>>> print(open('structure-v4.cif').read())   # mmCIF, C-alpha atoms (C1' of nucleotides)
data_coords
#
loop_
_atom_site.label_atom_id
_atom_site.label_comp_id
_atom_site.auth_asym_id
_atom_site.auth_seq_id
_atom_site.Cartn_x
_atom_site.Cartn_y
_atom_site.Cartn_z
CA MET A 1 150.70 4.79 77.34
CA SER A 2 151.83 3.09 74.16
CA PRO A 3 154.93 0.90 74.29
CA ARG A 4 158.09 2.94 73.91
CA ALA A 5 158.79 3.54 70.26
CA SER A 6 162.08 2.28 68.91
CA PRO A 7 164.37 4.71 67.10
CA ARG A 8 163.77 2.64 64.01
CA ASP A 9 159.99 3.02 64.13
CA VAL A 10 160.27 6.72 64.72
CA ALA A 11 162.80 7.05 61.91
CA ASP A 12 160.54 5.22 59.50
CA ARG A 13 157.49 7.25 60.31
CA LEU A 14 159.38 10.52 60.45
CA HIS A 15 160.84 9.87 57.03
CA SER A 16 157.46 9.10 55.59
CA ALA A 17 155.87 12.12 57.27
CA ALA A 18 158.56 14.43 55.89
CA ILE A 19 157.98 13.17 52.35
CA HIS A 20 154.26 13.64 52.59
CA LEU A 21 154.57 17.04 54.17
CA LEU A 22 156.84 18.32 51.43
CA ARG A 23 154.69 16.93 48.68
CA ARG A 24 151.82 18.77 50.20
CA VAL A 25 153.46 22.16 50.38
CA ARG A 26 155.09 21.67 47.01
CA ARG A 27 151.73 21.94 45.34
CA THR A 28 151.63 25.68 45.77
CA ASP A 29 155.25 26.10 44.69
CA PRO A 30 154.84 27.29 41.10
CA GLN A 31 152.86 30.30 42.27
CA THR A 32 155.73 31.68 44.34
CA GLY A 33 158.33 32.39 41.64
CA VAL A 34 161.09 31.38 44.05
CA SER A 35 162.30 27.84 44.49
CA ALA A 36 162.43 26.01 47.77
CA ALA A 37 166.22 25.95 47.75
CA GLN A 38 166.37 29.69 47.18
CA LEU A 39 163.84 30.43 49.88
CA SER A 40 165.72 28.27 52.29
CA ALA A 41 169.05 29.95 51.59
CA LEU A 42 167.47 33.39 51.82
CA SER A 43 166.03 32.55 55.19
CA VAL A 44 169.51 31.74 56.47
CA LEU A 45 170.72 35.11 55.22
CA MET A 46 168.01 36.82 57.21
CA GLY A 47 170.21 36.23 60.24
CA GLY A 48 172.89 38.39 58.65
CA PRO A 49 175.60 37.93 55.99
CA ARG A 50 177.27 34.54 55.75
CA THR A 51 180.27 33.27 53.91
CA LEU A 52 179.54 30.91 51.07
CA GLY A 53 180.92 28.02 53.04
CA GLU A 54 178.79 28.82 56.04
CA LEU A 55 175.75 28.98 53.82
CA ALA A 56 176.58 25.65 52.25
CA ALA A 57 177.01 24.09 55.68
CA ALA A 58 173.79 25.60 56.96
CA GLU A 59 171.93 24.29 53.95
CA GLN A 60 173.78 21.02 54.04
CA VAL A 61 174.90 21.09 50.47
CA ARG A 62 178.37 21.08 48.92
CA PRO A 63 180.12 24.34 48.14
CA PRO A 64 179.76 24.11 44.36
CA THR A 65 176.03 23.71 44.79
CA MET A 66 175.89 26.83 46.89
CA THR A 67 178.04 28.73 44.40
CA LYS A 68 175.42 28.11 41.75
CA LEU A 69 172.54 28.85 44.04
CA VAL A 70 174.04 32.17 45.09
CA GLN A 71 174.71 33.05 41.46
CA GLU A 72 171.03 32.53 40.80
CA LEU A 73 170.05 34.64 43.77
CA GLU A 74 172.45 37.34 42.65
CA ARG A 75 171.14 37.34 39.11
CA ALA A 76 167.63 37.74 40.48
CA GLY A 77 168.77 40.64 42.65
CA LEU A 78 167.88 38.77 45.83
CA ALA A 79 171.39 38.52 47.28
CA ALA A 80 174.78 40.18 46.85
CA ARG A 81 178.34 38.91 47.11
CA GLU A 82 181.30 40.77 48.58
CA ARG A 83 184.93 39.81 49.07
CA ASP A 84 186.05 39.81 52.65
CA ALA A 85 188.48 42.62 53.52
CA ALA A 86 190.56 40.62 55.97
CA ASP A 87 190.72 37.34 54.06
CA ALA A 88 190.54 37.70 50.33
CA ARG A 89 189.56 34.08 49.83
CA VAL A 90 186.20 34.31 51.50
CA VAL A 91 183.03 35.50 49.86
CA ARG A 92 180.45 37.13 52.02
CA VAL A 93 176.84 36.75 50.96
CA ARG A 94 174.04 38.99 52.12
CA SER A 95 170.41 39.27 51.16
CA THR A 96 169.18 42.45 49.52
CA ALA A 97 166.06 44.35 50.52
CA LYS A 98 164.34 42.77 47.56
CA GLY A 99 165.51 39.37 48.74
CA GLN A 100 163.96 39.96 52.10
CA ARG A 101 160.68 41.05 50.59
CA VAL A 102 160.58 38.05 48.28
CA LEU A 103 161.44 35.70 51.09
CA GLN A 104 158.60 37.05 53.11
CA ARG A 105 156.12 36.71 50.28
CA GLY A 106 157.37 33.40 48.93
CA ARG A 107 157.56 31.79 52.30
CA GLU A 108 154.09 32.96 53.02
CA MET A 109 152.66 31.30 49.94
CA ARG A 110 154.59 28.15 50.53
CA ILE A 111 153.58 27.56 54.08
CA THR A 112 150.18 29.17 54.23
CA GLU A 113 148.51 25.87 53.56
CA LEU A 114 150.53 24.17 56.25
CA GLU A 115 149.89 26.97 58.66
CA ARG A 116 146.18 26.74 58.03
CA ARG A 117 146.26 23.11 59.03
CA LEU A 118 148.28 23.79 62.15
CA ARG A 119 145.69 26.27 63.33
CA GLY A 120 143.45 23.36 64.14
CA LEU A 121 145.86 22.06 66.76
CA ASP A 122 145.59 22.80 70.46
CA ALA A 123 148.37 24.53 72.36
CA THR A 124 149.85 21.27 73.65
CA GLU A 125 150.11 19.75 70.20
CA LEU A 126 151.67 22.89 68.80
CA ALA A 127 154.21 22.91 71.62
CA THR A 128 155.05 19.27 70.91
CA LEU A 129 155.61 20.07 67.27
CA GLU A 130 157.82 22.98 68.17
CA ARG A 131 160.00 20.87 70.41
CA ALA A 132 160.15 18.15 67.78
CA VAL A 133 161.32 20.60 65.15
CA GLY A 134 164.17 21.63 67.40
CA ILE A 135 165.15 18.00 67.89
CA ILE A 136 164.97 17.25 64.18
CA GLU A 137 167.15 20.21 63.29
CA ARG A 138 169.73 19.15 65.83
CA VAL A 139 169.70 15.52 64.80
CA VAL A 140 169.99 16.34 61.14
CA ARG A 141 172.67 18.94 61.61
CA ASP A 142 174.86 16.56 63.59
CA MET B 1 159.29 28.49 79.06
CA SER B 2 159.61 30.23 75.74
CA PRO B 3 156.73 32.37 74.55
CA ARG B 4 154.10 30.29 72.83
CA ALA B 5 155.03 29.68 69.20
CA SER B 6 152.59 30.80 66.55
CA PRO B 7 151.28 28.27 64.02
CA ARG B 8 153.09 30.31 61.44
CA ASP B 9 156.46 29.99 63.12
CA VAL B 10 156.01 26.30 63.65
CA ALA B 11 154.88 25.80 60.05
CA ASP B 12 157.91 27.66 58.82
CA ARG B 13 160.40 25.74 60.90
CA LEU B 14 158.69 22.43 60.31
CA HIS B 15 158.89 23.02 56.60
CA SER B 16 162.57 23.85 56.84
CA ALA B 17 163.28 20.85 59.05
CA ALA B 18 161.59 18.52 56.59
CA ILE B 19 163.72 19.86 53.74
CA HIS B 20 166.91 19.35 55.67
CA LEU B 21 165.92 15.94 56.91
CA LEU B 22 165.23 14.64 53.43
CA ARG B 23 168.39 16.18 52.02
CA ARG B 24 170.29 14.28 54.64
CA VAL B 25 168.76 10.86 54.18
CA ARG B 26 168.93 11.21 50.42
CA ARG B 27 172.69 10.97 50.58
CA THR B 28 172.59 7.23 51.04
CA ASP B 29 170.52 6.81 47.91
CA PRO B 30 173.45 6.50 45.52
CA GLN B 31 174.61 3.42 47.41
CA THR B 32 171.31 1.70 46.77
CA GLY B 33 171.41 2.44 43.07
CA VAL B 34 167.85 3.68 43.30
CA SER B 35 166.84 7.31 43.57
CA ALA B 36 164.24 8.71 45.91
CA ALA B 37 161.82 9.28 43.06
CA GLN B 38 162.23 5.70 41.91
CA LEU B 39 161.76 4.33 45.39
CA SER B 40 158.63 6.38 45.77
CA ALA B 41 157.17 5.23 42.47
CA LEU B 42 158.03 1.64 43.30
CA SER B 43 156.20 1.94 46.58
CA VAL B 44 153.07 3.01 44.71
CA LEU B 45 153.41 -0.03 42.46
CA MET B 46 153.51 -2.26 45.51
CA GLY B 47 149.75 -1.73 45.63
CA GLY B 48 149.44 -3.36 42.21
CA PRO B 49 149.92 -2.33 38.56
CA ARG B 50 149.06 1.23 37.58
CA THR B 51 148.74 3.04 34.30
CA LEU B 52 151.41 5.59 33.62
CA GLY B 53 148.93 8.40 34.13
CA GLU B 54 147.78 7.02 37.46
CA LEU B 55 151.37 6.75 38.57
CA ALA B 56 152.06 10.33 37.56
CA ALA B 57 149.00 11.52 39.45
CA ALA B 58 149.91 9.51 42.53
CA GLU B 59 153.41 10.93 42.50
CA GLN B 60 152.16 14.39 41.66
CA VAL B 61 154.31 14.81 38.60
CA ARG B 62 153.51 15.38 34.92
CA PRO B 63 153.24 12.45 32.53
CA PRO B 64 156.54 13.12 30.71
CA THR B 65 158.34 12.99 34.03
CA MET B 66 156.81 9.64 34.78
CA THR B 67 157.59 8.35 31.32
CA LYS B 68 161.27 8.96 31.94
CA LEU B 69 161.15 7.61 35.45
CA VAL B 70 159.50 4.40 34.33
CA GLN B 71 162.02 4.04 31.52
CA GLU B 72 164.74 4.14 34.14
CA LEU B 73 162.97 1.61 36.30
CA GLU B 74 162.51 -0.64 33.31
CA ARG B 75 166.13 -0.36 32.26
CA ALA B 76 167.12 -1.37 35.78
CA GLY B 77 164.74 -4.31 35.68
CA LEU B 78 162.70 -2.94 38.56
CA ALA B 79 159.45 -2.45 36.69
CA ALA B 80 157.82 -3.65 33.50
CA ARG B 81 155.50 -2.01 31.00
CA GLU B 82 152.63 -3.64 29.18
CA ARG B 83 150.15 -2.30 26.71
CA ASP B 84 146.57 -2.59 27.84
CA ALA B 85 144.58 -5.19 25.93
CA ALA B 86 141.34 -3.24 25.95
CA ASP B 87 142.74 0.22 25.24
CA ALA B 88 145.91 0.29 23.21
CA ARG B 89 146.76 3.81 24.32
CA VAL B 90 147.33 3.02 27.94
CA VAL B 91 150.50 1.63 29.40
CA ARG B 92 150.27 -0.54 32.44
CA VAL B 93 153.24 -0.47 34.80
CA ARG B 94 153.99 -3.12 37.37
CA SER B 95 156.96 -3.72 39.65
CA THR B 96 159.06 -6.81 39.21
CA ALA B 97 160.17 -9.10 42.00
CA LYS B 98 163.55 -7.41 41.83
CA GLY B 99 161.85 -4.04 42.13
CA GLN B 100 160.15 -5.14 45.28
CA ARG B 101 163.36 -6.41 46.79
CA VAL B 102 165.19 -3.21 45.92
CA LEU B 103 162.42 -1.07 47.35
CA GLN B 104 162.70 -2.91 50.59
CA ARG B 105 166.45 -2.56 50.76
CA GLY B 106 166.62 1.04 49.61
CA ARG B 107 164.03 2.17 52.06
CA GLU B 108 165.91 0.38 54.77
CA MET B 109 169.14 2.22 54.02
CA ARG B 110 167.45 5.57 54.28
CA ILE B 111 165.75 4.67 57.50
CA THR B 112 168.93 3.25 58.95
CA GLU B 113 170.82 6.47 58.42
CA LEU B 114 168.10 8.39 60.19
CA GLU B 115 167.82 5.79 62.90
CA ARG B 116 171.53 6.02 63.61
CA ARG B 117 171.05 9.69 64.38
CA LEU B 118 168.01 9.13 66.54
CA ARG B 119 169.93 6.74 68.77
CA GLY B 120 171.62 9.69 70.39
CA LEU B 121 168.35 11.00 71.78
CA ASP B 122 167.05 10.35 75.25
CA ALA B 123 163.69 8.70 75.87
CA THR B 124 161.87 11.97 76.38
CA GLU B 125 163.07 13.41 73.10
CA LEU B 126 162.19 10.25 71.24
CA ALA B 127 158.72 10.31 72.74
CA THR B 128 158.31 13.93 71.70
CA LEU B 129 159.31 13.03 68.16
CA GLU B 130 156.89 10.16 68.10
CA ARG B 131 153.99 12.32 69.19
CA ALA B 132 155.00 14.98 66.69
CA VAL B 133 155.06 12.48 63.85
CA GLY B 134 151.55 11.44 64.70
CA ILE B 135 150.43 15.04 64.63
CA ILE B 136 152.16 15.71 61.33
CA GLU B 137 150.62 12.67 59.72
CA ARG B 138 147.20 13.72 60.85
CA VAL B 139 147.64 17.32 59.77
CA VAL B 140 149.04 16.46 56.36
CA ARG B 141 146.55 13.72 55.67
CA ASP B 142 143.79 16.29 55.68
"C1'" DG C 1 133.93 9.64 8.01
"C1'" DA C 2 135.51 13.95 10.09
"C1'" DC C 3 136.68 15.85 14.30
"C1'" DA C 4 137.78 16.01 19.16
"C1'" DT C 5 139.75 13.91 23.03
"C1'" DT C 6 142.87 11.07 25.59
"C1'" DC C 7 147.32 8.62 26.61
"C1'" DG C 8 151.74 8.52 26.29
"C1'" DT C 9 156.21 9.96 24.13
"C1'" DT C 10 159.76 13.07 22.26
"C1'" DA C 11 162.28 17.30 22.29
"C1'" DG C 12 164.25 20.80 24.68
"C1'" DG C 13 164.79 23.64 28.76
"C1'" DT C 14 165.66 24.70 33.92
"C1'" DA C 15 167.12 23.89 38.72
"C1'" DG C 16 169.52 21.45 42.08
"C1'" DG C 17 172.55 18.19 43.43
"C1'" DC C 18 177.27 15.73 43.10
"C1'" DT C 19 182.75 14.91 42.40
"C1'" DA C 20 187.14 16.19 40.54
"C1'" DA C 21 190.26 19.46 39.45
"C1'" DC C 22 191.58 23.99 39.49
"C1'" DT C 23 193.06 29.11 41.22
"C1'" DA C 24 194.07 32.17 44.67
"C1'" DA C 25 195.01 33.32 49.29
"C1'" DT C 26 196.66 32.25 53.70
"C1'" DA C 27 199.16 29.54 57.20
"C1'" DT C 28 203.05 26.70 58.67
"C1'" DC C 29 207.61 25.62 59.57
"C1'" DA C 30 212.39 24.00 58.37
"C1'" DT D 1 212.55 33.37 53.84
"C1'" DG D 2 210.94 30.24 50.84
"C1'" DA D 3 208.78 25.71 50.10
"C1'" DT D 4 204.83 23.37 51.19
"C1'" DA D 5 200.25 22.49 53.02
"C1'" DT D 6 195.74 24.02 53.80
"C1'" DT D 7 191.57 26.56 52.95
"C1'" DA D 8 187.77 29.09 50.20
"C1'" DG D 9 185.56 29.28 46.33
"C1'" DT D 10 184.93 28.44 41.31
"C1'" DT D 11 184.82 25.86 37.00
"C1'" DA D 12 183.82 21.83 34.38
"C1'" DG D 13 181.24 18.03 33.61
"C1'" DC D 14 177.85 14.84 34.90
"C1'" DC D 15 173.34 13.18 36.80
"C1'" DT D 16 168.38 13.26 38.24
"C1'" DA D 17 164.03 15.36 38.38
"C1'" DC D 18 161.10 18.37 37.17
"C1'" DC D 19 158.62 21.38 33.51
"C1'" DT D 20 156.03 22.94 28.80
"C1'" DA D 21 155.11 22.40 23.97
"C1'" DA D 22 154.34 19.67 20.27
"C1'" DC D 23 153.33 15.41 18.45
"C1'" DG D 24 151.50 10.38 17.08
"C1'" DA D 25 148.37 6.91 17.82
"C1'" DA D 26 144.10 5.17 19.61
"C1'" DT D 27 139.59 5.93 20.91
"C1'" DG D 28 135.17 8.36 21.28
"C1'" DT D 29 131.47 11.31 19.22
"C1'" DC D 30 128.15 13.13 16.01
#
>>> encode(input="structure-v4.cif", output="C-alpha cells")
Amino acid sequence: MSPRASPRDVADRLHSAAIHLLRRVRRTDPQTGVSAAQLSALSVLMGGPRTLGELAAAEQVRPPTMTKLVQELERAGLAARERDAADARVVRVRSTAKGQRVLQRGREMRITELERRLRGLDATELATLERAVGIIERVVRD
Amino acid sequence: MSPRASPRDVADRLHSAAIHLLRRVRRTDPQTGVSAAQLSALSVLMGGPRTLGELAAAEQVRPPTMTKLVQELERAGLAARERDAADARVVRVRSTAKGQRVLQRGREMRITELERRLRGLDATELATLERAVGIIERVVRD
DNA sequence: GACATTCGTTAGGTAGGCTAACTAATATCA
DNA sequence: TGATATTAGTTAGCCTACCTAACGAATGTC
C-alpha cells in the first residue's frame, strides 16, 4: 500500500486531472452545436423544472449569468420560462422536448470519446470512479 | 450495492464533476491576478521557451487567441517575446522570473481552495479519490 | 523574379463569467 | 395598516477567452 495521500497531494492531482480531462473532451465540442454550459444546464432541467435561482445554484454560477444562459436556451427553443403562479417573483425554467433531444445528442458527442476510454476499465476501476464522482460533487457543492 | 454503473453514466457524471470542480477553484483566480489560461500557458513555458505557434498548439487554442494571451502575460511582466534570429517570422516566448514565481503562487491558491474542501473527507474517501485520480490520468493520457 | 506558404497579428464577433444597481413582489412588524 | 426589509430576477457594464476572416511580412520554391 502506498503511503496515505495528503489532501494537498490529492487536490493537486485532481485539479490537474480535471483540466486535462476537459481539454480532452473539449476537442469534439464544435461538432455538437451546443456549448458545455448549455448542456450542463439542460441536464439539470432533465430532473424537472427549476427556478432560475435553483439552476444558478446547481450550476454554481451567479444569477445574472444564469439569466443570460437561459435566454440563450430560450432563443434556441431548448428551454422555456414561466412565471410562478404562487410567487410572482420566481421564474420557473423547464426544458422543451427539443431541449431534451439536443441534450441527448450533444452529450453523446461530447462524452463519447471519454466513454470509449472508460470501456477499457475493469469493473472495480469503474466502481472506484463512480464513487469518486459522488465525492467530488459533494465536496464541490459544499 | 447500487446496480453497476455503465461507462456511459460514469463518463457523463465525471465530465459534469470536472466542470463544476474547475468552476469552483477558478474563483480564487482573481486574487492571484492571473487567469487560468495564463497560468496554464505559463506552466508550458516552464519547460523552456516556445514559439507562439507551439504554445497555441500545446494549449489547444488558435494562434490569435495565444497572441492576445501572450500580450497580456507580457504586459504583466510574466513573459517576454523575442524575434527568432534565424527566421524573422517566428516569435519566441519565454517566462520571466516573475512569471515563474506567479505561476507557483497562483497554482498554490487554486490547490489550497480545493484542499480545504478535501479536509472534510475521511481516509476512505480520500483514498478512493486518489485511486480515481490515477485512473483518470491514465485514461485521459491515452 | 513570381508565386505559394508559413507565422503571427489585427479586426470583429460570440459565449460565459462577474459585480453593482435596479424593479417588482413578498414578508415582517411596530 | 403602512413602513421597511428581504428576496428573485433582470439590466448594465465590464472582463476573459475563445473563434474566423483577412492581412502583412518573411521565407521557400520553381
>>> resolve_selection(input="structure-v4.cif", expression="the PyMOL selection byres ((chain A) within 8 of (chain D))", output="ChimeraX atom specification")
/A:52-53,63-64,67,89-91
>>> atom_distance(input="structure-v4.cif", atom1="atom CA of Met46 of chain B", atom2="atom CA of Gln100 of chain B")
7.2 Å
>>> residues_around(input="structure-v4.cif", residues="Leu55 of chain A", least_positions_apart="2", cutoff="10 Å", atoms="only C-alpha atoms (C1' of nucleotides)", output="NGL selection string")
:A and (41-42 or 44-45 or 49-53 or 57-63 or 66-67 or 70 or 92-93)
>>> closest_atom_pairs(input="structure-v4.cif", of="chain B", to="chain A", cutoff="7 Å", atoms="all atoms listed in the file", output="Markdown table")
| residue | atom | partner | partner_atom | distance |
| --- | --- | --- | --- | --- |
| B:Pro7 | CA | A:Glu115 | CA | 5.7 |
| B:Arg8 | CA | A:Glu115 | CA | 5.4 |
| B:Val10 | CA | A:Glu130 | CA | 5.9 |
| B:Ala11 | CA | A:Glu115 | CA | 5.3 |
| B:Asp12 | CA | A:Ile111 | CA | 6.4 |
| B:Arg13 | CA | A:Val133 | CA | 6.7 |
| B:Leu14 | CA | A:Val133 | CA | 5.8 |
| B:Ala17 | CA | A:Glu137 | CA | 5.8 |
| B:Ala18 | CA | A:Ala18 | CA | 5.1 |
| B:His20 | CA | A:Val140 | CA | 7.0 |
| B:Leu21 | CA | A:Val140 | CA | 5.9 |
| B:Arg24 | CA | A:Val140 | CA | 6.8 |
| B:Ile111 | CA | A:Asp12 | CA | 5.6 |
| B:Leu114 | CA | A:Ala11 | CA | 5.7 |
| B:Glu115 | CA | A:Arg8 | CA | 5.2 |
| B:Arg117 | CA | A:Val139 | CA | 6.0 |
| B:Leu118 | CA | A:Pro7 | CA | 5.8 |
| B:Arg119 | CA | A:Pro7 | CA | 6.2 |
| B:Thr128 | CA | A:Ala132 | CA | 6.0 |
| B:Leu129 | CA | A:Ala132 | CA | 5.2 |
| B:Glu130 | CA | A:Val10 | CA | 5.9 |
| B:Ala132 | CA | A:Leu129 | CA | 5.2 |
| B:Val133 | CA | A:Leu14 | CA | 5.8 |
| B:Ile136 | CA | A:Ala17 | CA | 6.6 |
| B:Glu137 | CA | A:Ala17 | CA | 5.8 |
| B:Val139 | CA | A:Arg117 | CA | 6.0 |
| B:Val140 | CA | A:Leu21 | CA | 6.0 |
>>> resolve_selection(input="structure-v4.cif", expression="the PyMOL selection byres ((chain C) within 12 of (chain A))", output="PyMOL selection string")
chain C and resi 14-20+23-27
>>> atom_distance(input="structure-v4.cif", atom1="atom C1' of DA11 of chain C", atom2="atom CA of Ala80 of chain B")
24.2 Å
>>> atom_distance(input="structure-v4.cif", atom1="atom CA of Arg81 of chain B", atom2="atom C1' of DG8 of chain C")
12.1 Å
>>> calpha_fit_and_write(input="structure-v4.cif", fixed="chain B", moving="chain A", output="short mmCIF file (atom, residue, chain, number, x, y, z; two decimals) with C-alpha atoms, in the coordinates of the input")
data_model
loop_
_atom_site.label_atom_id
_atom_site.label_comp_id
_atom_site.auth_asym_id
_atom_site.auth_seq_id
_atom_site.Cartn_x
_atom_site.Cartn_y
_atom_site.Cartn_z
CA MET A 1 154.67 25.29 78.51
CA SER A 2 156.00 27.45 75.71
CA PRO A 3 153.66 29.97 74.10
CA ARG A 4 151.55 28.38 71.40
CA ALA A 5 153.49 28.27 68.17
CA SER A 6 151.99 30.06 65.21
CA PRO A 7 151.48 28.14 61.97
CA ARG A 8 154.04 30.45 60.45
CA ASP A 9 156.74 29.60 62.98
CA VAL A 10 156.08 25.92 62.63
CA ALA A 11 156.10 26.21 58.84
CA ASP A 12 159.42 28.00 58.88
CA ARG A 13 161.10 25.54 61.17
CA LEU A 14 159.56 22.53 59.48
CA HIS A 15 160.80 23.72 56.12
CA SER A 16 164.27 24.23 57.44
CA ALA A 17 164.27 20.87 59.23
CA ALA A 18 163.18 19.07 56.06
CA ILE A 19 166.01 20.63 54.07
CA HIS A 20 168.59 19.69 56.63
CA LEU A 21 167.24 16.20 57.03
CA LEU A 22 167.39 15.51 53.32
CA ARG A 23 170.86 16.93 52.96
CA ARG A 24 171.92 14.60 55.67
CA VAL A 25 170.54 11.43 54.17
CA ARG A 26 171.61 12.48 50.70
CA ARG A 27 175.22 11.99 51.67
CA THR A 28 174.94 8.24 51.44
CA ASP A 29 172.99 8.38 48.19
CA PRO A 30 175.69 7.55 45.64
CA GLN A 31 176.32 4.22 47.32
CA THR A 32 172.78 2.97 46.71
CA GLY A 33 172.67 2.88 42.89
CA VAL A 34 169.03 3.95 42.99
CA SER A 35 167.89 7.54 43.08
CA ALA A 36 165.61 9.00 45.69
CA ALA A 37 162.83 9.52 43.17
CA GLN A 38 163.04 5.91 42.04
CA LEU A 39 163.08 4.58 45.57
CA SER A 40 160.10 6.68 46.44
CA ALA A 41 158.09 5.50 43.44
CA LEU A 42 159.05 1.89 44.10
CA SER A 43 157.85 2.17 47.65
CA VAL A 44 154.43 3.25 46.41
CA LEU A 45 154.33 0.21 44.15
CA MET A 46 154.96 -2.02 47.12
CA GLY A 47 151.30 -1.50 47.97
CA GLY A 48 150.36 -3.14 44.68
CA PRO A 49 150.16 -2.07 41.01
CA ARG A 50 149.14 1.51 40.28
CA THR A 51 148.19 3.32 37.15
CA LEU A 52 150.68 5.87 35.95
CA GLY A 53 148.38 8.68 36.94
CA GLU A 54 147.91 7.30 40.41
CA LEU A 55 151.65 7.02 40.78
CA ALA A 56 152.15 10.58 39.63
CA ALA A 57 149.55 11.79 42.10
CA ALA A 58 151.04 9.77 44.92
CA GLU A 59 154.46 11.17 44.17
CA GLN A 60 153.08 14.61 43.54
CA VAL A 61 154.66 15.07 40.18
CA ARG A 62 153.15 15.67 36.75
CA PRO A 63 152.33 12.75 34.49
CA PRO A 64 155.15 13.34 32.00
CA THR A 65 157.62 13.24 34.86
CA MET A 66 156.26 9.92 35.98
CA THR A 67 156.32 8.57 32.42
CA LYS A 68 160.05 9.16 32.33
CA LEU A 69 160.62 7.83 35.79
CA VAL A 70 158.75 4.62 35.02
CA GLN A 71 160.69 4.23 31.79
CA GLU A 72 163.86 4.37 33.83
CA LEU A 73 162.55 1.85 36.31
CA GLU A 74 161.49 -0.40 33.46
CA ARG A 75 164.85 -0.18 31.74
CA ALA A 76 166.51 -1.14 35.01
CA GLY A 77 164.16 -4.11 35.36
CA LEU A 78 162.70 -2.72 38.58
CA ALA A 79 159.13 -2.20 37.35
CA ALA A 80 156.89 -3.38 34.52
CA ARG A 81 154.11 -1.73 32.55
CA GLU A 82 150.90 -3.37 31.36
CA ARG A 83 147.91 -2.04 29.46
CA ASP A 84 144.67 -2.29 31.34
CA ALA A 85 142.24 -4.87 29.90
CA ALA A 86 139.09 -2.91 30.64
CA ASP A 87 140.31 0.55 29.67
CA ALA A 88 142.95 0.59 27.00
CA ARG A 89 144.07 4.09 27.88
CA VAL A 90 145.42 3.28 31.29
CA VAL A 91 148.85 1.90 32.00
CA ARG A 92 149.27 -0.26 35.03
CA VAL A 93 152.66 -0.20 36.71
CA ARG A 94 153.91 -2.88 39.05
CA SER A 95 157.23 -3.49 40.71
CA THR A 96 159.19 -6.59 39.82
CA ALA A 97 160.79 -8.95 42.31
CA LYS A 98 164.08 -7.28 41.54
CA GLY A 99 162.48 -3.91 42.18
CA GLN A 100 161.35 -5.05 45.57
CA ARG A 101 164.77 -6.36 46.47
CA VAL A 102 166.45 -3.16 45.33
CA LEU A 103 163.95 -1.04 47.19
CA GLN A 104 164.67 -2.94 50.33
CA ARG A 105 168.41 -2.59 49.97
CA GLY A 106 168.45 0.97 48.69
CA ARG A 107 166.06 2.22 51.29
CA GLU A 108 168.12 0.56 53.93
CA MET A 109 171.28 2.37 52.89
CA ARG A 110 169.51 5.64 52.56
CA ILE A 111 167.87 5.71 55.91
CA THR A 112 170.25 3.70 58.02
CA GLU A 113 171.99 6.83 59.17
CA LEU A 114 168.71 8.45 60.07
CA GLU A 115 167.51 5.35 61.80
CA ARG A 116 170.68 5.20 63.84
CA ARG A 117 170.00 8.68 65.11
CA LEU A 118 166.40 7.91 65.94
CA ARG A 119 167.48 5.02 68.11
CA GLY A 120 168.63 7.53 70.66
CA LEU A 121 165.10 8.82 71.19
CA ASP A 122 162.80 7.65 73.95
CA ALA A 123 159.44 6.07 73.21
CA THR A 124 157.52 9.33 73.70
CA GLU A 125 159.68 11.24 71.26
CA LEU A 126 159.43 8.48 68.69
CA ALA A 127 155.65 8.46 69.06
CA THR A 128 155.56 12.23 68.58
CA LEU A 129 157.59 11.91 65.42
CA GLU A 130 155.31 9.20 64.13
CA ARG A 131 152.22 11.30 64.67
CA ALA A 132 153.93 14.29 63.09
CA VAL A 133 154.80 12.30 59.99
CA GLY A 134 151.16 11.39 59.58
CA ILE A 135 150.16 15.03 59.87
CA ILE A 136 152.81 16.16 57.41
CA GLU A 137 151.75 13.60 54.83
CA ARG A 138 148.15 14.68 55.14
CA VAL A 139 148.93 18.37 55.00
CA VAL A 140 151.17 17.99 52.00
CA ARG A 141 148.83 15.70 50.14
CA ASP A 142 145.92 18.10 50.52
#
>>> axis_aligned_box(input="structure-v4.cif", around="segment 15-24 of chain B", padding_each_side="3 Å", output="lines of an AutoDock Vina configuration file")
center_x = 164.6
center_y = 19.1
center_z = 55.5
size_x = 17.4
size_y = 15.6
size_z = 13.0
